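File shown here: model20.cif, holding mmCIF, C-alpha atoms.
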data_structure
loop_
_atom_site.group_PDB
_atom_site.id
_atom_site.type_symbol
_atom_site.label_atom_id
_atom_site.label_comp_id
_atom_site.auth_asym_id
_atom_site.auth_seq_id
_atom_site.Cartn_x
_atom_site.Cartn_y
_atom_site.Cartn_z
ATOM 1 C CA ALA A 1 -62.594 -58.500 -40.637
ATOM 2 C CA ILE A 2 -61.719 -59.793 -37.155
ATOM 3 C CA THR A 3 -58.071 -58.851 -37.660
ATOM 4 C CA ALA A 4 -59.041 -55.331 -38.727
ATOM 5 C CA LEU A 5 -61.294 -55.006 -35.670
ATOM 6 C CA LEU A 6 -58.491 -56.116 -33.347
ATOM 7 C CA VAL A 7 -56.106 -53.603 -34.940
ATOM 8 C CA LEU A 8 -58.685 -50.843 -34.497
ATOM 9 C CA LEU A 9 -59.254 -51.772 -30.854
ATOM 10 C CA GLY A 10 -55.500 -51.777 -30.296
ATOM 11 C CA PHE A 11 -55.251 -48.297 -31.776
ATOM 12 C CA PHE A 12 -57.919 -46.958 -29.435
ATOM 13 C CA CYS A 13 -56.178 -48.565 -26.442
ATOM 14 C CA LEU A 14 -52.881 -46.918 -27.372
ATOM 15 C CA GLU A 15 -54.617 -43.548 -27.802
ATOM 16 C CA ALA A 16 -56.253 -43.871 -24.373
ATOM 17 C CA MET A 17 -52.909 -44.811 -22.790
ATOM 18 C CA ALA A 18 -51.209 -41.806 -24.398
ATOM 19 C CA LEU A 19 -53.933 -39.459 -23.171
ATOM 20 C CA HIS A 20 -53.662 -40.897 -19.649
ATOM 21 C CA ALA A 21 -49.883 -40.492 -19.689
ATOM 22 C CA MET A 22 -50.220 -36.862 -20.815
ATOM 23 C CA THR A 23 -52.752 -36.176 -18.041
ATOM 24 C CA GLU A 24 -50.514 -37.761 -15.438
ATOM 25 C CA HIS A 25 -47.580 -35.685 -16.716
ATOM 26 C CA ARG A 26 -49.618 -32.509 -16.280
ATOM 27 C CA ARG A 27 -50.748 -33.539 -12.775
ATOM 28 C CA GLY A 28 -47.185 -34.501 -11.891
ATOM 29 C CA PHE A 29 -45.902 -31.136 -13.059
ATOM 30 C CA LEU A 30 -48.520 -29.340 -10.976
ATOM 31 C CA ALA A 31 -47.788 -31.390 -7.881
ATOM 32 C CA ARG A 32 -44.005 -31.048 -8.204
ATOM 33 C CA ALA A 33 -43.886 -27.271 -8.122
ATOM 34 C CA PRO A 34 -45.687 -25.955 -5.011
ATOM 35 C CA PRO A 35 -43.116 -23.222 -4.275
ATOM 36 C CA THR A 36 -43.296 -21.815 -7.801
ATOM 37 C CA VAL A 37 -46.216 -22.360 -10.128
ATOM 38 C CA ALA A 38 -48.686 -23.808 -7.639
ATOM 39 C CA ALA A 39 -47.898 -21.003 -5.205
ATOM 40 C CA ILE A 40 -49.547 -18.506 -7.518
ATOM 41 C CA HIS A 41 -52.873 -19.348 -5.955
ATOM 42 C CA SER A 42 -51.892 -18.221 -2.469
ATOM 43 C CA ALA A 43 -50.330 -15.084 -3.904
ATOM 44 C CA PHE A 44 -53.407 -14.273 -5.989
ATOM 45 C CA PHE A 45 -55.849 -14.855 -3.143
ATOM 46 C CA ALA A 46 -53.939 -13.179 -0.342
ATOM 47 C CA PRO A 47 -56.540 -10.366 -0.111
ATOM 48 C CA ASN A 48 -59.270 -12.944 0.447
ATOM 49 C CA PRO A 49 -57.974 -15.968 2.379
ATOM 50 C CA ASN A 50 -61.484 -17.448 2.548
ATOM 51 C CA ALA A 51 -61.868 -17.662 -1.232
ATOM 52 C CA HIS A 52 -62.324 -21.200 -2.511
ATOM 53 C CA VAL A 53 -59.385 -22.220 -4.682
ATOM 54 C CA VAL A 54 -58.911 -25.594 -6.332
ATOM 55 C CA ASN A 55 -55.655 -27.270 -5.319
ATOM 56 C CA ALA A 56 -53.213 -27.178 -8.229
ATOM 57 C CA ALA A 57 -52.871 -30.947 -8.393
ATOM 58 C CA GLU A 58 -56.672 -31.289 -8.602
ATOM 59 C CA LEU A 59 -57.204 -29.015 -11.583
ATOM 60 C CA VAL A 60 -59.317 -30.537 -14.352
ATOM 61 C CA PHE A 61 -58.012 -29.673 -17.804
ATOM 62 C CA TYR A 62 -60.043 -29.271 -20.970
ATOM 63 C CA ASN A 63 -58.869 -29.032 -24.564
ATOM 64 C CA SER A 64 -59.765 -26.238 -26.936
ATOM 65 C CA LEU A 65 -61.678 -27.283 -30.042
ATOM 66 C CA SER A 66 -58.365 -27.370 -31.893
ATOM 67 C CA GLY A 67 -57.153 -30.198 -29.679
ATOM 68 C CA LYS A 68 -54.521 -31.025 -27.081
ATOM 69 C CA GLN A 69 -52.111 -28.261 -28.073
ATOM 70 C CA TYR A 70 -54.116 -25.831 -25.946
ATOM 71 C CA GLN A 71 -55.415 -26.871 -22.529
ATOM 72 C CA TYR A 72 -57.028 -24.876 -19.752
ATOM 73 C CA ALA A 73 -58.269 -25.386 -16.206
ATOM 74 C CA ASP A 74 -60.064 -23.005 -13.862
ATOM 75 C CA ALA A 75 -58.860 -22.729 -10.269
ATOM 76 C CA LYS A 76 -61.569 -20.189 -9.490
ATOM 77 C CA ILE A 77 -64.513 -18.840 -11.464
ATOM 78 C CA GLY A 78 -64.864 -15.080 -11.214
ATOM 79 C CA ALA A 79 -68.012 -12.974 -11.302
ATOM 80 C CA GLY A 80 -69.347 -10.208 -13.513
ATOM 81 C CA ASP A 81 -69.187 -9.544 -17.235
ATOM 82 C CA PRO A 82 -66.534 -11.196 -19.434
ATOM 83 C CA PRO A 83 -64.199 -8.977 -21.463
ATOM 84 C CA GLY A 84 -64.828 -8.511 -25.158
ATOM 85 C CA VAL A 85 -63.087 -7.025 -28.188
ATOM 86 C CA GLY A 86 -62.089 -3.428 -27.483
ATOM 87 C CA ASP A 87 -62.130 -3.832 -23.701
ATOM 88 C CA PRO A 88 -58.995 -3.006 -21.693
ATOM 89 C CA VAL A 89 -57.984 -5.851 -19.388
ATOM 90 C CA LEU A 90 -55.518 -6.125 -16.523
ATOM 91 C CA ILE A 91 -54.076 -9.423 -15.333
ATOM 92 C CA ASP A 92 -51.553 -10.859 -12.953
ATOM 93 C CA TYR A 93 -49.768 -13.883 -14.317
ATOM 94 C CA VAL A 94 -47.036 -16.398 -13.627
ATOM 95 C CA MET A 95 -45.213 -17.682 -16.694
ATOM 96 C CA SER A 96 -43.635 -21.123 -16.411
ATOM 97 C CA THR A 97 -42.363 -23.966 -18.496
ATOM 98 C CA SER A 98 -42.960 -27.677 -17.993
ATOM 99 C CA GLY A 99 -41.325 -30.619 -19.742
ATOM 100 C CA ALA A 100 -37.677 -31.317 -19.032
ATOM 101 C CA ALA A 101 -37.417 -28.199 -16.858
ATOM 102 C CA ARG A 102 -40.106 -29.697 -14.592
ATOM 103 C CA GLY A 103 -42.117 -26.640 -13.873
ATOM 104 C CA VAL A 104 -39.582 -23.818 -13.707
ATOM 105 C CA LYS A 105 -41.058 -20.381 -13.081
ATOM 106 C CA VAL A 106 -39.852 -17.858 -15.657
ATOM 107 C CA TYR A 107 -41.589 -14.650 -14.583
ATOM 108 C CA SER A 108 -44.302 -13.369 -12.261
ATOM 109 C CA THR A 109 -46.058 -10.016 -12.343
ATOM 110 C CA THR A 110 -46.756 -10.354 -8.637
ATOM 111 C CA ASP A 111 -43.013 -10.604 -7.979
ATOM 112 C CA ALA A 112 -42.420 -7.570 -10.197
ATOM 113 C CA GLY A 113 -45.331 -5.657 -8.643
ATOM 114 C CA LEU A 114 -46.655 -4.664 -12.073
ATOM 115 C CA PRO A 115 -49.684 -6.361 -13.687
ATOM 116 C CA TYR A 116 -49.949 -6.759 -17.455
ATOM 117 C CA GLN A 117 -52.472 -4.667 -19.390
ATOM 118 C CA TRP A 118 -53.712 -4.600 -22.990
ATOM 119 C CA VAL A 119 -56.858 -4.097 -25.062
ATOM 120 C CA ILE A 120 -58.607 -7.227 -26.331
ATOM 121 C CA GLY A 121 -58.131 -7.475 -30.083
ATOM 122 C CA ASP A 122 -55.254 -5.000 -30.416
ATOM 123 C CA ARG A 123 -52.814 -7.798 -31.442
ATOM 124 C CA SER A 124 -50.247 -6.734 -28.862
ATOM 125 C CA THR A 125 -50.584 -9.955 -26.873
ATOM 126 C CA LEU A 126 -49.987 -13.645 -27.527
ATOM 127 C CA PRO A 127 -53.069 -15.264 -29.066
ATOM 128 C CA GLY A 128 -52.897 -18.009 -26.439
ATOM 129 C CA LEU A 129 -52.941 -15.577 -23.524
ATOM 130 C CA GLU A 130 -55.721 -13.481 -25.045
ATOM 131 C CA GLN A 131 -57.684 -16.669 -25.661
ATOM 132 C CA ALA A 132 -57.240 -17.593 -21.994
ATOM 133 C CA VAL A 133 -58.838 -14.305 -20.946
ATOM 134 C CA ALA A 134 -61.368 -13.499 -23.684
ATOM 135 C CA GLY A 135 -62.175 -17.070 -24.714
ATOM 136 C CA GLY A 136 -62.482 -18.555 -28.170
ATOM 137 C CA ASP A 137 -62.062 -21.903 -29.946
ATOM 138 C CA GLY A 138 -64.283 -23.581 -27.368
ATOM 139 C CA VAL A 139 -62.583 -21.914 -24.385
ATOM 140 C CA PRO A 140 -65.015 -19.852 -22.275
ATOM 141 C CA PRO A 141 -63.990 -16.302 -21.307
ATOM 142 C CA MET A 142 -62.731 -15.551 -17.831
ATOM 143 C CA LEU A 143 -64.768 -13.448 -15.427
ATOM 144 C CA PRO A 144 -63.241 -10.731 -13.220
ATOM 145 C CA GLY A 145 -61.512 -12.239 -10.206
ATOM 146 C CA GLY A 146 -61.161 -15.642 -11.834
ATOM 147 C CA VAL A 147 -57.958 -17.685 -11.925
ATOM 148 C CA ARG A 148 -57.080 -19.978 -14.825
ATOM 149 C CA ARG A 149 -54.131 -22.088 -15.888
ATOM 150 C CA VAL A 150 -53.397 -22.626 -19.574
ATOM 151 C CA ILE A 151 -50.824 -24.949 -21.100
ATOM 152 C CA ILE A 152 -49.761 -24.094 -24.635
ATOM 153 C CA ALA A 153 -47.798 -26.653 -26.616
ATOM 154 C CA GLY A 154 -44.568 -25.454 -28.179
ATOM 155 C CA GLY A 155 -44.939 -24.561 -31.834
ATOM 156 C CA SER A 156 -48.737 -24.427 -31.626
ATOM 157 C CA GLY A 157 -48.966 -20.949 -33.126
ATOM 158 C CA THR A 158 -50.637 -19.440 -30.060
ATOM 159 C CA GLY A 159 -47.418 -19.075 -28.047
ATOM 160 C CA TYR A 160 -44.098 -17.377 -28.728
ATOM 161 C CA ASP A 161 -42.439 -17.632 -32.134
ATOM 162 C CA PRO A 162 -38.716 -18.128 -31.353
ATOM 163 C CA ARG A 163 -37.680 -16.507 -34.631
ATOM 164 C CA GLU A 164 -39.579 -13.345 -33.753
ATOM 165 C CA CYS A 165 -38.972 -13.007 -30.019
ATOM 166 C CA ALA A 166 -35.250 -13.756 -30.469
ATOM 167 C CA LYS A 167 -35.156 -10.474 -32.391
ATOM 168 C CA GLY A 168 -37.174 -8.639 -29.774
ATOM 169 C CA ARG A 169 -40.263 -8.676 -31.968
ATOM 170 C CA GLY A 170 -43.684 -10.260 -31.758
ATOM 171 C CA PRO A 171 -46.555 -10.012 -29.288
ATOM 172 C CA GLY A 172 -46.097 -9.769 -25.524
ATOM 173 C CA PRO A 173 -45.915 -10.132 -22.687
ATOM 174 C CA THR A 174 -42.139 -9.885 -22.493
ATOM 175 C CA PRO A 175 -40.648 -10.343 -19.010
ATOM 176 C CA ARG A 176 -38.491 -7.533 -17.701
ATOM 177 C CA GLY A 177 -35.406 -7.169 -15.584
ATOM 178 C CA GLU A 178 -33.192 -10.029 -14.469
ATOM 179 C CA THR A 179 -35.664 -12.708 -15.624
ATOM 180 C CA TYR A 180 -35.499 -11.588 -19.262
ATOM 181 C CA GLN A 181 -32.573 -13.870 -20.149
ATOM 182 C CA ARG A 182 -34.340 -16.841 -18.583
ATOM 183 C CA PHE A 183 -37.336 -16.073 -20.791
ATOM 184 C CA VAL A 184 -35.144 -15.839 -23.916
ATOM 185 C CA ASN A 185 -33.406 -19.129 -23.135
ATOM 186 C CA ALA A 186 -36.732 -20.904 -22.636
ATOM 187 C CA PHE A 187 -38.895 -19.569 -25.456
ATOM 188 C CA CYS A 188 -36.741 -17.552 -27.877
ATOM 189 C CA ASN A 189 -33.875 -19.965 -28.477
ATOM 190 C CA THR A 190 -33.914 -20.931 -32.142
ATOM 191 C CA GLN A 191 -31.250 -23.587 -31.485
ATOM 192 C CA ARG A 192 -33.493 -25.703 -29.265
ATOM 193 C CA PRO A 193 -34.705 -28.865 -31.015
ATOM 194 C CA GLU A 194 -38.117 -28.508 -29.352
ATOM 195 C CA ILE A 195 -39.993 -25.493 -28.017
ATOM 196 C CA PRO A 196 -41.095 -26.195 -24.431
ATOM 197 C CA GLU A 197 -44.663 -25.937 -23.232
ATOM 198 C CA LEU A 198 -45.700 -22.471 -22.154
ATOM 199 C CA VAL A 199 -47.689 -22.371 -18.918
ATOM 200 C CA PHE A 200 -49.624 -19.332 -17.747
ATOM 201 C CA ASP A 201 -51.408 -18.943 -14.426
ATOM 202 C CA VAL A 202 -53.675 -15.951 -14.908
ATOM 203 C CA LYS A 203 -55.843 -13.867 -12.616
ATOM 204 C CA LEU A 204 -58.190 -11.418 -14.325
ATOM 205 C CA LEU A 205 -58.224 -8.291 -12.191
ATOM 206 C CA LEU A 206 -61.282 -6.106 -11.691
ATOM 207 C CA ARG A 207 -61.994 -3.346 -14.185
ATOM 208 C CA SER A 208 -61.905 -0.828 -11.360
ATOM 209 C CA GLN A 209 -58.201 -1.662 -10.886
ATOM 210 C CA ILE A 210 -57.164 -0.814 -14.449
ATOM 211 C CA SER A 211 -56.728 2.918 -13.840
ATOM 212 C CA THR A 212 -54.500 2.172 -10.824
ATOM 213 C CA TYR A 213 -51.602 1.121 -13.044
ATOM 214 C CA VAL A 214 -49.850 3.078 -15.766
ATOM 215 C CA ILE A 215 -47.778 0.924 -18.111
ATOM 216 C CA ASP A 216 -44.625 2.535 -19.498
ATOM 217 C CA ASP A 217 -43.385 0.565 -22.501
ATOM 218 C CA ASP A 218 -39.926 2.064 -22.086
ATOM 219 C CA GLU A 219 -39.375 0.565 -18.646
#
Would you mind writing the structure in this file as structure tokens?
Amino acid sequence: AITALLVLLGFFCLEAMALHAMTEHRRGFLARAPPTVAAIHSAFFAPNPNAHVVNAAELVFYNSLSGKQYQYADAKIGAGDPPGVGDPVLIDYVMSTSGAARGVKVYSTTDAGLPYQWVIGDRSTLPGLEQAVAGGDGVPPMLPGGVRRVIIAGGSGTGYDPRECAKGRGPGPTPRGETYQRFVNAFCNTQRPEIPELVFDVKLLLRSQISTYVIDDDE
């Protein structure tokens, strides 16, 4: 009985050490990339320099109910009503990858000057990104003006499916222009032994801004 208890205690110690190492990896990734991923905060809050924004390295991450494959942290809580099924939403986002690439930015709507828009529940968008905005599986919905970071484990089912996006199929968003090949190499490469983590920094724009932008799928 004592031996079994010691084994059980050892298991819990190893689990705690693994969780600590994962947390430190996330914090390290955030702290390493101020000119890319972390810089999204200054870009998002340029219109309001007095807005309180949590420093990227100080973000506190929470797991969805499904576990560690989906993590989120709020840099700023917005205000107003959360979006629901059938509501059009407009976001700015920075897409990045962590892991071996150490926080490489893949695409930014603020760089492109064109936010991303869809209707909640229309299945046009990655489940993980829609979950970041509309909530679900223990993740609270965002409020207009809020900023959130989500980290989606490769192969979790809520990110890109390499077999689909390699063929130009599957839900969006799909980066445009010169960054498209970088996106394909990172998330649509069926030859990679492991799918890297998908990192989104998201700002939910105000509903009054939706009519400002017209999205042309042919662009």
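Here the question is which of A:Leu204, A:Val60, A:Lys68, A:Gly157 gets nearest to A:Pro141 using all atoms listed in the file, and that residue is A:Leu204.
Reported to one decimal place, the separation of atom CA of A:Asp81 from atom CA of A:Thr174 is 27.6 Å.
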_Atom-to-atom span, atom CA of A:Ile195 and atom CA of A:Gly138, Å_ = 24.4 Å
Kindly extract all protein, DNA and RNA residues lying within 12 Å of the coordinates (-40.3, -11.4, -27.9) given in the file, considering all atoms listed in the file, and supply them as a compact mmCIF listing (two decimals) with C-alpha atoms, in the frame of the given file.
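So part.txt came out as:
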# COMPACT_ATOMS: atom_id res chain seq x y z
CA SER A 124 -50.25 -6.73 -28.86
CA THR A 125 -50.58 -9.96 -26.87
CA LEU A 126 -49.99 -13.64 -27.53
CA GLY A 159 -47.42 -19.08 -28.05
CA TYR A 160 -44.10 -17.38 -28.73
CA ASP A 161 -42.44 -17.63 -32.13
CA PRO A 162 -38.72 -18.13 -31.35
CA ARG A 163 -37.68 -16.51 -34.63
CA GLU A 164 -39.58 -13.34 -33.75
CA CYS A 165 -38.97 -13.01 -30.02
CA ALA A 166 -35.25 -13.76 -30.47
CA LYS A 167 -35.16 -10.47 -32.39
CA GLY A 168 -37.17 -8.64 -29.77
CA ARG A 169 -40.26 -8.68 -31.97
CA GLY A 170 -43.68 -10.26 -31.76
CA PRO A 171 -46.56 -10.01 -29.29
CA GLY A 172 -46.10 -9.77 -25.52
CA PRO A 173 -45.92 -10.13 -22.69
CA THR A 174 -42.14 -9.88 -22.49
CA PRO A 175 -40.65 -10.34 -19.01
CA ARG A 176 -38.49 -7.53 -17.70
CA TYR A 180 -35.50 -11.59 -19.26
CA GLN A 181 -32.57 -13.87 -20.15
CA PHE A 183 -37.34 -16.07 -20.79
CA VAL A 184 -35.14 -15.84 -23.92
CA ASN A 185 -33.41 -19.13 -23.14
CA ALA A 186 -36.73 -20.90 -22.64
CA PHE A 187 -38.90 -19.57 -25.46
CA CYS A 188 -36.74 -17.55 -27.88
CA ASN A 189 -33.88 -19.96 -28.48
*Taking the file as shown, what set of residues would the PyMOL selection byres ((chain A and resi 122) around 12) give back, as JSON, numbers by chain?*
{"A": [84, 85, 86, 87, 88, 89, 117, 118, 119, 120, 121, 123, 124, 125, 126, 127, 130, 171, 172]}
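Atom CA of A:Gln69 is found 20.2 Å from atom CA of A:Val147.
With all atoms listed in the file as the atoms that count, the minimum distance from A:Thr109 to the choices A:Asp201, A:Asp74, A:Glu58, A:Glu194 is reached by A:Asp201.
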*Exercise: A:Tyr93 partners within 8 Å, all atoms listed in the file, chain neighbours under 3 positions left out, as a PyMOL selection string*: chain A and resi 108-110+115-116+200-203
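Nearest-residue note for A:Ala134: choosing from A:Ile91, A:Leu198, A:Ala75, A:Ile210, the minimum distance belongs to A:Ile91, counting all atoms listed in the file.
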